[in-house]
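Peer 1: If it helps, the file is called final-v7.cif and holds mmCIF, C-alpha atoms:
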data_start
#
loop_
_atom_site.label_atom_id
_atom_site.label_comp_id
_atom_site.auth_asym_id
_atom_site.auth_seq_id
_atom_site.Cartn_x
_atom_site.Cartn_y
_atom_site.Cartn_z
CA MET A 338 -16.20 11.24 7.44
CA THR A 339 -13.73 13.13 5.29
CA ARG A 340 -11.46 10.79 3.42
CA ARG A 341 -7.71 11.25 3.60
CA PHE A 342 -5.55 9.24 1.20
CA LEU A 343 -1.94 8.26 1.80
CA PHE A 344 -0.17 7.03 -1.33
CA VAL A 345 2.96 5.05 -0.49
CA LEU A 346 5.16 4.78 -3.58
CA GLY A 347 7.35 1.69 -3.50
CA SER A 348 9.18 1.85 -6.81
CA SER A 349 12.91 2.32 -7.17
CA ARG A 350 12.24 4.24 -10.42
CA PRO A 351 10.80 7.78 -10.41
CA ASP A 352 7.68 8.34 -12.51
CA GLY A 353 7.32 4.62 -13.22
CA ASN A 354 4.26 2.87 -14.55
CA THR A 355 2.85 2.08 -11.11
CA GLU A 356 3.08 5.71 -10.03
CA LEU A 357 1.50 6.87 -13.30
CA LEU A 358 -1.41 4.49 -12.77
CA ALA A 359 -1.82 5.57 -9.13
CA ARG A 360 -1.81 9.25 -10.10
CA THR A 361 -4.40 8.57 -12.81
CA ALA A 362 -6.67 6.96 -10.21
CA ALA A 363 -6.02 9.79 -7.73
CA GLU A 364 -7.05 12.39 -10.31
CA GLN A 365 -10.55 10.92 -10.15
CA LEU A 366 -10.99 11.58 -6.42
CA PRO A 367 -13.50 14.31 -5.54
CA ALA A 368 -12.09 17.82 -5.41
CA GLY A 369 -10.74 18.65 -1.98
CA THR A 370 -9.96 15.04 -1.01
CA GLU A 371 -6.81 15.15 1.08
CA GLN A 372 -3.85 13.34 -0.45
CA GLU A 373 -0.34 12.76 0.79
CA TRP A 374 2.31 11.07 -1.32
CA PHE A 375 5.25 9.35 0.35
CA ASN A 376 8.04 8.05 -1.88
CA LEU A 377 9.98 5.27 -0.17
CA ALA A 378 12.93 5.66 -2.57
CA GLU A 379 13.30 9.35 -1.72
CA GLN A 380 12.77 8.87 2.02
CA PRO A 381 14.05 5.36 2.68
CA LEU A 382 13.14 3.58 5.87
CA PRO A 383 15.83 1.87 7.92
CA ASP A 384 15.90 -1.90 7.87
CA PHE A 385 13.40 -3.36 10.27
CA VAL A 386 14.93 -5.13 13.25
CA ASP A 387 12.58 -7.42 15.16
CA VAL A 388 13.32 -6.94 18.86
CA ARG A 389 9.88 -7.88 20.21
CA HIS A 390 11.20 -10.76 22.35
CA ASP A 391 14.39 -9.05 23.46
CA ALA A 392 13.75 -5.37 24.07
CA GLU A 393 11.23 -2.57 23.85
CA VAL A 394 10.52 -1.47 20.30
CA PRO A 395 12.28 1.86 19.71
CA ARG A 396 10.23 4.88 18.68
CA PRO A 397 10.65 5.60 14.97
CA GLU A 398 12.63 8.65 13.93
CA GLY A 399 12.97 10.68 10.74
CA PRO A 400 11.04 9.38 7.71
CA ALA A 401 9.77 6.37 9.68
CA ALA A 402 8.18 8.62 12.32
CA HIS A 403 6.57 10.78 9.65
CA LEU A 404 5.28 7.71 7.80
CA LEU A 405 3.83 6.23 10.99
CA GLU A 406 1.89 9.44 11.67
CA ALA A 407 0.75 9.70 8.03
CA THR A 408 -0.36 6.07 8.07
CA LEU A 409 -2.40 6.59 11.23
CA ALA A 410 -3.95 9.78 9.83
CA ALA A 411 -5.11 8.14 6.59
CA THR A 412 -8.60 6.78 6.09
CA ASP A 413 -7.41 5.22 2.83
CA LEU A 414 -3.94 3.77 2.43
CA VAL A 415 -2.74 3.09 -1.11
CA ILE A 416 0.27 0.85 -1.59
CA ALA A 417 1.65 1.61 -5.06
CA SER A 418 4.30 -1.02 -5.67
CA PRO A 419 5.46 -2.44 -8.97
CA LEU A 420 5.43 -6.21 -9.22
CA TYR A 421 8.99 -7.28 -8.39
CA TRP A 422 9.63 -11.02 -8.43
CA TYR A 423 5.87 -11.59 -8.19
CA SER A 424 5.32 -9.62 -5.00
CA VAL A 425 5.83 -6.13 -3.57
CA SER A 426 9.10 -4.24 -3.95
CA ALA A 427 11.80 -4.39 -1.27
CA GLN A 428 10.98 -0.82 -0.17
CA THR A 429 7.30 -1.71 0.20
CA LYS A 430 8.07 -4.91 2.10
CA ARG A 431 10.30 -2.92 4.48
CA TYR A 432 7.36 -0.55 5.14
CA LEU A 433 5.06 -3.48 5.89
CA ASP A 434 7.74 -5.02 8.13
CA HIS A 435 7.78 -1.80 10.16
CA TRP A 436 4.09 -2.42 10.89
CA ALA A 437 5.23 -5.35 13.07
CA GLY A 438 7.17 -2.91 15.24
CA TRP A 439 4.42 -0.28 15.23
CA LEU A 440 2.03 -2.92 16.56
CA ARG A 441 4.15 -3.03 19.72
CA LEU A 442 4.83 0.66 20.27
CA PRO A 443 3.42 1.69 23.66
CA GLY A 444 0.47 4.05 23.39
CA VAL A 445 0.13 3.82 19.59
CA ASP A 446 -2.56 1.09 19.40
CA PHE A 447 -1.65 0.57 15.74
CA LYS A 448 -3.93 -2.43 15.13
CA ALA A 449 -6.98 -0.86 16.76
CA ARG A 450 -6.45 2.46 14.96
CA MET A 451 -6.03 0.82 11.54
CA ALA A 452 -9.17 -1.29 11.92
CA GLY A 453 -11.95 -0.16 9.60
CA ARG A 454 -9.70 1.89 7.33
CA THR A 455 -9.25 0.88 3.70
CA LEU A 456 -6.16 -0.58 2.07
CA TRP A 457 -5.81 -0.35 -1.71
CA GLY A 458 -3.09 -1.51 -4.06
CA VAL A 459 -1.81 -0.30 -7.41
CA THR A 460 0.74 -2.18 -9.46
CA ALA A 461 2.15 -2.37 -12.95
CA LEU A 462 3.57 -5.59 -14.27
CA ALA A 463 5.23 -6.76 -17.46
CA HIS A 464 3.01 -9.84 -17.80
CA GLU A 465 -0.31 -9.62 -19.55
CA GLU A 466 -1.53 -12.51 -17.37
CA PHE A 467 -2.51 -10.71 -14.19
CA GLU A 468 -2.62 -13.98 -12.18
CA VAL A 469 1.14 -13.64 -11.69
CA ALA A 470 0.37 -10.74 -9.32
CA ASP A 471 -1.59 -13.03 -6.97
CA PRO A 472 1.25 -13.09 -4.36
CA LEU A 473 1.25 -9.27 -4.24
CA VAL A 474 -2.54 -9.16 -3.96
CA GLY A 475 -2.40 -11.81 -1.23
CA THR A 476 0.21 -9.88 0.74
CA LEU A 477 -1.97 -6.78 0.78
CA ARG A 478 -5.26 -8.62 1.39
CA HIS A 479 -3.83 -10.64 4.28
CA SER A 480 -2.20 -7.56 5.82
CA ALA A 481 -5.56 -5.79 5.69
CA ALA A 482 -7.33 -8.83 7.16
CA TYR A 483 -4.88 -9.04 10.06
CA LEU A 484 -5.51 -5.40 10.96
CA GLY A 485 -9.30 -5.57 10.49
CA MET A 486 -9.16 -3.22 7.51
CA ARG A 487 -11.27 -3.02 4.41
CA PHE A 488 -9.58 -4.09 1.18
CA GLY A 489 -10.39 -2.28 -2.06
CA GLY A 490 -8.36 -4.64 -4.22
CA VAL A 491 -5.46 -3.94 -6.52
CA LEU A 492 -5.57 -1.83 -9.66
CA LEU A 493 -3.46 -3.78 -12.16
CA GLY A 494 -1.85 -2.33 -15.26
CA ASN A 495 0.53 -3.60 -17.90
CA GLY A 496 3.84 -1.91 -18.52
CA SER A 497 7.57 -2.54 -18.42
CA LYS A 498 9.39 0.48 -19.88
CA PRO A 499 8.56 3.86 -18.31
CA GLY A 500 5.30 5.17 -19.73
CA ASP A 501 4.11 1.81 -21.13
CA VAL A 502 1.04 1.81 -18.88
CA ARG A 503 -0.31 4.78 -20.85
CA THR A 504 -1.11 2.32 -23.66
CA ASP A 505 -3.07 0.01 -21.35
CA THR A 506 -6.46 1.53 -22.06
CA GLU A 507 -8.30 -1.04 -19.92
CA ALA A 508 -6.20 -0.19 -16.85
CA LEU A 509 -6.68 3.53 -17.44
CA ALA A 510 -10.44 2.97 -17.67
CA ARG A 511 -10.42 0.96 -14.40
CA ALA A 512 -8.41 3.77 -12.76
CA LYS A 513 -11.26 6.21 -13.37
CA THR A 514 -13.59 4.35 -10.98
CA PHE A 515 -11.16 2.42 -8.78
CA PHE A 516 -11.51 4.49 -5.61
CA ALA A 517 -15.27 4.93 -6.07
CA GLN A 518 -16.05 1.31 -5.26
CA GLU A 519 -17.21 0.18 -1.83
CA ALA A 520 -14.43 -1.83 -0.21
CA PRO A 521 -15.48 -4.87 1.84
CA PHE A 522 -13.69 -5.93 5.01
CA ALA A 523 -10.69 -8.09 4.20
CA ARG A 524 -10.90 -11.74 5.18
CA PHE A 525 -8.37 -14.52 5.30
CA PRO A 526 -9.21 -17.38 2.90
CA TYR A 527 -10.13 -19.66 5.83
CA GLU A 528 -12.70 -17.18 7.19
CA ARG A 529 -16.32 -17.19 6.14
#
Show this structure as structure tokens.

Peer 2:
Amino acid sequence: MTRRFLFVLGSSRPDGNTELLARTAAEQLPAGTEQEWFNLAEQPLPDFVDVRHDAEVPRPEGPAAHLLEATLAATDLVIASPLYWYSVSAQTKRYLDHWAGWLRLPGVDFKARMAGRTLWGVTALAHEEFEVADPLVGTLRHSAAYLGMRFGGVLLGNGSKPGDVRTDTEALARAKTFFAQEAPFARFPYER
């Protein structure tokens, strides 16, 4: 199967450390691998409104409709979100919240169509202790587990000011092989 990567950029800053790290990893993909980059700051999604118990979920329009189609077309979905308050950015969380509505769109079969695909994460953080990113990693792992996806893990890099991640030689080395690893199916902690 031909792999198709969707990179969802969740930073409020253009060309930030997370994006730099994601682009470094993407440069290592085999020639001809399809890539689409979607910047949530440049094409913001509307706030998610949960109407599942009150009304039919409305069909997405504009950037949300495009992102739904791009998400469904991807074999590999890469969430590139900086670590903000120890989890994903607000823009990234809004994207994940929209998944709740897409699960209920008639004829879309979002959960069934996402099953078996691979979810990856990329993040830059100011801490050198990567354990502080555990909530972000958990958000992505659990989201993948709920949808029956594979989870390739999160590529972590250190950086605060724009460009700082370029000095994190260990992260740059991990980026060179990040997408080459075999991603296991995601599991919730209580599953065997």

Peer 1: Please write the residues picked by the PyMOL selection byres ((chain A and resi 415) around 12) on this file as a PyMOL selection string.

Peer 2: chain A and resi 341-347+355-356+358-360+362-363+372-376+407-408+411-414+416-418+429+454-460+477+481+487-492+515-516

Peer 1: Mind giving me the straight-line distance from CA of Leu405 (chain A) to CA of Ala470 (chain A) in Å, one decimal?

Peer 2: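 Distance reported for this atom pair: 26.7 Å.
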
Peer 1: Could you spell out the hits of the PyMOL selection byres ((chain A and resi 449) around 12) on the shown file, as a list in words?

Peer 2: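 Applied to this file, the PyMOL selection byres ((chain A and resi 449) around 12) selects Leu409, Trp439, Leu440, Arg441, Gly444, Val445, Asp446, Phe447, Lys448, Arg450, Met451, Ala452, Gly453, Arg454, Tyr483, Leu484, Gly485 and Met486 of chain A.
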
Peer 1: Given the file shown, determine the residues that the PyMOL selection byres ((chain A and resi 402) around 12) selects; report them as a list in words.

Peer 2: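 So the PyMOL selection byres ((chain A and resi 402) around 12), applied here, picks out Gln380, Pro381, Leu382, Pro383, Pro395, Arg396, Pro397, Glu398, Gly399, Pro400, Ala401, His403, Leu404, Leu405, Glu406, Ala407, Thr408, Leu409, Tyr432, His435, Trp436, Gly438, Trp439, Leu442 and Val445 of chain A.
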
Peer 1: Please compute the CA of Leu377 (chain A)-CA of Asn354 (chain A) distance, one decimal, in Å.

Peer 2: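 Spanning CA of Leu377 (chain A) to CA of Asn354 (chain A) is a straight-line distance of 15.7 Å.
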
Peer 1: Expressed in Å to a single decimal, how great is the separation between CA of Lys513 (chain A) and CA of Arg350 (chain A)?

Peer 2: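 Taking CA of Lys513 (chain A) as the start and CA of Arg350 (chain A) as the end point, the length is 23.8 Å.
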
Peer 1: Keeping just N, CA, C and O atoms, export region 433-468 of chain A of this structure as a PDB file, in the first residue's frame.

Peer 2:
ATOM      1  N   LEU A 433      -8.912  17.529  17.324  1.00  0.00           N
ATOM      2  CA  LEU A 433      -9.296  16.241  17.920  1.00  0.00           C
ATOM      3  C   LEU A 433     -10.756  16.266  18.379  1.00  0.00           C
ATOM      4  O   LEU A 433     -11.458  15.258  18.264  1.00  0.00           O
ATOM      5  N   ASP A 434     -11.217  17.407  18.894  1.00  0.00           N
ATOM      6  CA  ASP A 434     -12.627  17.513  19.288  1.00  0.00           C
ATOM      7  C   ASP A 434     -13.550  17.315  18.092  1.00  0.00           C
ATOM      8  O   ASP A 434     -14.614  16.701  18.208  1.00  0.00           O
ATOM      9  N   HIS A 435     -13.144  17.806  16.919  1.00  0.00           N
ATOM     10  CA  HIS A 435     -13.961  17.617  15.722  1.00  0.00           C
ATOM     11  C   HIS A 435     -14.109  16.139  15.384  1.00  0.00           C
ATOM     12  O   HIS A 435     -15.101  15.743  14.763  1.00  0.00           O
ATOM     13  N   TRP A 436     -13.146  15.316  15.780  1.00  0.00           N
ATOM     14  CA  TRP A 436     -13.281  13.876  15.542  1.00  0.00           C
ATOM     15  C   TRP A 436     -14.563  13.348  16.171  1.00  0.00           C
ATOM     16  O   TRP A 436     -15.202  12.456  15.612  1.00  0.00           O
ATOM     17  N   ALA A 437     -14.948  13.891  17.341  1.00  0.00           N
ATOM     18  CA  ALA A 437     -16.174  13.438  18.009  1.00  0.00           C
ATOM     19  C   ALA A 437     -17.392  13.670  17.120  1.00  0.00           C
ATOM     20  O   ALA A 437     -18.314  12.848  17.088  1.00  0.00           O
ATOM     21  N   GLY A 438     -17.411  14.778  16.396  1.00  0.00           N
ATOM     22  CA  GLY A 438     -18.507  15.028  15.467  1.00  0.00           C
ATOM     23  C   GLY A 438     -18.402  14.164  14.223  1.00  0.00           C
ATOM     24  O   GLY A 438     -19.407  13.638  13.725  1.00  0.00           O
ATOM     25  N   TRP A 439     -17.184  13.988  13.714  1.00  0.00           N
ATOM     26  CA  TRP A 439     -16.995  13.177  12.514  1.00  0.00           C
ATOM     27  C   TRP A 439     -17.374  11.727  12.752  1.00  0.00           C
ATOM     28  O   TRP A 439     -17.781  11.039  11.815  1.00  0.00           O
ATOM     29  N   LEU A 440     -17.268  11.278  13.990  1.00  0.00           N
ATOM     30  CA  LEU A 440     -17.690   9.909  14.325  1.00  0.00           C
ATOM     31  C   LEU A 440     -19.179   9.703  14.080  1.00  0.00           C
ATOM     32  O   LEU A 440     -19.626   8.579  13.867  1.00  0.00           O
ATOM     33  N   ARG A 441     -19.939  10.786  14.113  1.00  0.00           N
ATOM     34  CA  ARG A 441     -21.393  10.697  14.018  1.00  0.00           C
ATOM     35  C   ARG A 441     -21.961  11.209  12.697  1.00  0.00           C
ATOM     36  O   ARG A 441     -23.166  11.303  12.536  1.00  0.00           O
ATOM     37  N   LEU A 442     -21.083  11.546  11.763  1.00  0.00           N
ATOM     38  CA  LEU A 442     -21.571  12.008  10.460  1.00  0.00           C
ATOM     39  C   LEU A 442     -22.120  10.827   9.667  1.00  0.00           C
ATOM     40  O   LEU A 442     -21.408   9.839   9.457  1.00  0.00           O
ATOM     41  N   PRO A 443     -23.351  10.902   9.211  1.00  0.00           N
ATOM     42  CA  PRO A 443     -23.921   9.804   8.440  1.00  0.00           C
ATOM     43  C   PRO A 443     -23.099   9.505   7.181  1.00  0.00           C
ATOM     44  O   PRO A 443     -22.690  10.411   6.461  1.00  0.00           O
ATOM     45  N   GLY A 444     -22.834   8.239   6.965  1.00  0.00           N
ATOM     46  CA  GLY A 444     -22.142   7.796   5.766  1.00  0.00           C
ATOM     47  C   GLY A 444     -20.637   7.961   5.767  1.00  0.00           C
ATOM     48  O   GLY A 444     -19.973   7.566   4.816  1.00  0.00           O
ATOM     49  N   VAL A 445     -20.053   8.522   6.814  1.00  0.00           N
ATOM     50  CA  VAL A 445     -18.607   8.754   6.839  1.00  0.00           C
ATOM     51  C   VAL A 445     -17.863   7.550   7.420  1.00  0.00           C
ATOM     52  O   VAL A 445     -16.775   7.221   6.969  1.00  0.00           O
ATOM     53  N   ASP A 446     -18.441   6.888   8.413  1.00  0.00           N
ATOM     54  CA  ASP A 446     -17.811   5.728   9.058  1.00  0.00           C
ATOM     55  C   ASP A 446     -16.393   6.057   9.511  1.00  0.00           C
ATOM     56  O   ASP A 446     -15.439   5.307   9.256  1.00  0.00           O
ATOM     57  N   PHE A 447     -16.255   7.181  10.200  1.00  0.00           N
ATOM     58  CA  PHE A 447     -14.942   7.699  10.580  1.00  0.00           C
ATOM     59  C   PHE A 447     -14.132   6.670  11.382  1.00  0.00           C
ATOM     60  O   PHE A 447     -12.966   6.419  11.068  1.00  0.00           O
ATOM     61  N   LYS A 448     -14.731   6.072  12.384  1.00  0.00           N
ATOM     62  CA  LYS A 448     -13.981   5.129  13.232  1.00  0.00           C
ATOM     63  C   LYS A 448     -13.507   3.922  12.429  1.00  0.00           C
ATOM     64  O   LYS A 448     -12.342   3.528  12.514  1.00  0.00           O
ATOM     65  N   ALA A 449     -14.376   3.361  11.633  1.00  0.00           N
ATOM     66  CA  ALA A 449     -14.009   2.179  10.840  1.00  0.00           C
ATOM     67  C   ALA A 449     -12.932   2.522   9.810  1.00  0.00           C
ATOM     68  O   ALA A 449     -12.025   1.723   9.567  1.00  0.00           O
ATOM     69  N   ARG A 450     -13.023   3.707   9.227  1.00  0.00           N
ATOM     70  CA  ARG A 450     -12.050   4.079   8.187  1.00  0.00           C
ATOM     71  C   ARG A 450     -10.694   4.459   8.766  1.00  0.00           C
ATOM     72  O   ARG A 450      -9.677   4.329   8.092  1.00  0.00           O
ATOM     73  N   MET A 451     -10.652   4.902  10.019  1.00  0.00           N
ATOM     74  CA  MET A 451      -9.381   5.263  10.648  1.00  0.00           C
ATOM     75  C   MET A 451      -8.671   4.029  11.224  1.00  0.00           C
ATOM     76  O   MET A 451      -7.454   4.050  11.408  1.00  0.00           O
ATOM     77  N   ALA A 452      -9.414   2.981  11.483  1.00  0.00           N
ATOM     78  CA  ALA A 452      -8.825   1.777  12.064  1.00  0.00           C
ATOM     79  C   ALA A 452      -7.706   1.242  11.175  1.00  0.00           C
ATOM     80  O   ALA A 452      -7.846   1.168   9.953  1.00  0.00           O
ATOM     81  N   GLY A 453      -6.588   0.910  11.794  1.00  0.00           N
ATOM     82  CA  GLY A 453      -5.456   0.346  11.082  1.00  0.00           C
ATOM     83  C   GLY A 453      -4.486   1.374  10.529  1.00  0.00           C
ATOM     84  O   GLY A 453      -3.374   1.024  10.127  1.00  0.00           O
ATOM     85  N   ARG A 454      -4.879   2.632  10.482  1.00  0.00           N
ATOM     86  CA  ARG A 454      -3.955   3.674  10.032  1.00  0.00           C
ATOM     87  C   ARG A 454      -2.991   3.989  11.174  1.00  0.00           C
ATOM     88  O   ARG A 454      -3.158   3.503  12.284  1.00  0.00           O
ATOM     89  N   THR A 455      -2.007   4.812  10.924  1.00  0.00           N
ATOM     90  CA  THR A 455      -1.003   5.095  11.951  1.00  0.00           C
ATOM     91  C   THR A 455      -1.033   6.557  12.357  1.00  0.00           C
ATOM     92  O   THR A 455      -1.039   7.448  11.502  1.00  0.00           O
ATOM     93  N   LEU A 456      -1.044   6.773  13.661  1.00  0.00           N
ATOM     94  CA  LEU A 456      -0.978   8.108  14.238  1.00  0.00           C
ATOM     95  C   LEU A 456       0.419   8.304  14.824  1.00  0.00           C
ATOM     96  O   LEU A 456       0.928   7.436  15.537  1.00  0.00           O
ATOM     97  N   TRP A 457       1.032   9.420  14.491  1.00  0.00           N
ATOM     98  CA  TRP A 457       2.348   9.805  14.977  1.00  0.00           C
ATOM     99  C   TRP A 457       2.230  11.170  15.643  1.00  0.00           C
ATOM    100  O   TRP A 457       1.325  11.936  15.330  1.00  0.00           O
ATOM    101  N   GLY A 458       3.174  11.489  16.498  1.00  0.00           N
ATOM    102  CA  GLY A 458       3.227  12.813  17.098  1.00  0.00           C
ATOM    103  C   GLY A 458       4.624  13.396  16.993  1.00  0.00           C
ATOM    104  O   GLY A 458       5.611  12.654  16.970  1.00  0.00           O
ATOM    105  N   VAL A 459       4.689  14.700  16.914  1.00  0.00           N
ATOM    106  CA  VAL A 459       5.955  15.428  16.954  1.00  0.00           C
ATOM    107  C   VAL A 459       5.722  16.630  17.855  1.00  0.00           C
ATOM    108  O   VAL A 459       4.720  17.339  17.713  1.00  0.00           O
ATOM    109  N   THR A 460       6.640  16.843  18.792  1.00  0.00           N
ATOM    110  CA  THR A 460       6.508  18.007  19.663  1.00  0.00           C
ATOM    111  C   THR A 460       7.867  18.513  20.113  1.00  0.00           C
ATOM    112  O   THR A 460       8.819  17.745  20.253  1.00  0.00           O
ATOM    113  N   ALA A 461       7.918  19.806  20.296  1.00  0.00           N
ATOM    114  CA  ALA A 461       9.081  20.446  20.908  1.00  0.00           C
ATOM    115  C   ALA A 461       8.629  21.016  22.240  1.00  0.00           C
ATOM    116  O   ALA A 461       7.513  21.515  22.367  1.00  0.00           O
ATOM    117  N   LEU A 462       9.517  20.923  23.213  1.00  0.00           N
ATOM    118  CA  LEU A 462       9.202  21.423  24.540  1.00  0.00           C
ATOM    119  C   LEU A 462      10.415  22.111  25.141  1.00  0.00           C
ATOM    120  O   LEU A 462      11.555  21.828  24.759  1.00  0.00           O
ATOM    121  N   ALA A 463      10.167  23.006  26.075  1.00  0.00           N
ATOM    122  CA  ALA A 463      11.253  23.758  26.691  1.00  0.00           C
ATOM    123  C   ALA A 463      11.982  22.942  27.755  1.00  0.00           C
ATOM    124  O   ALA A 463      13.139  23.209  28.040  1.00  0.00           O
ATOM    125  N   HIS A 464      11.314  21.963  28.337  1.00  0.00           N
ATOM    126  CA  HIS A 464      11.937  21.116  29.364  1.00  0.00           C
ATOM    127  C   HIS A 464      12.922  20.140  28.741  1.00  0.00           C
ATOM    128  O   HIS A 464      12.715  19.654  27.628  1.00  0.00           O
ATOM    129  N   GLU A 465      13.953  19.836  29.461  1.00  0.00           N
ATOM    130  CA  GLU A 465      14.858  18.775  29.032  1.00  0.00           C
ATOM    131  C   GLU A 465      14.386  17.427  29.551  1.00  0.00           C
ATOM    132  O   GLU A 465      14.834  16.382  29.084  1.00  0.00           O
ATOM    133  N   GLU A 466      13.481  17.443  30.517  1.00  0.00           N
ATOM    134  CA  GLU A 466      12.897  16.216  31.072  1.00  0.00           C
ATOM    135  C   GLU A 466      11.646  15.901  30.261  1.00  0.00           C
ATOM    136  O   GLU A 466      10.603  16.521  30.452  1.00  0.00           O
ATOM    137  N   PHE A 467      11.782  14.933  29.371  1.00  0.00           N
ATOM    138  CA  PHE A 467      10.697  14.650  28.435  1.00  0.00           C
ATOM    139  C   PHE A 467       9.463  14.055  29.110  1.00  0.00           C
ATOM    140  O   PHE A 467       8.396  14.015  28.502  1.00  0.00           O
ATOM    141  N   GLU A 468       9.557  13.613  30.356  1.00  0.00           N
ATOM    142  CA  GLU A 468       8.390  13.065  31.058  1.00  0.00           C
ATOM    143  C   GLU A 468       7.261  14.087  31.171  1.00  0.00           C
ATOM    144  O   GLU A 468       6.100  13.705  31.294  1.00  0.00           O
TER     145      GLU A 468
END
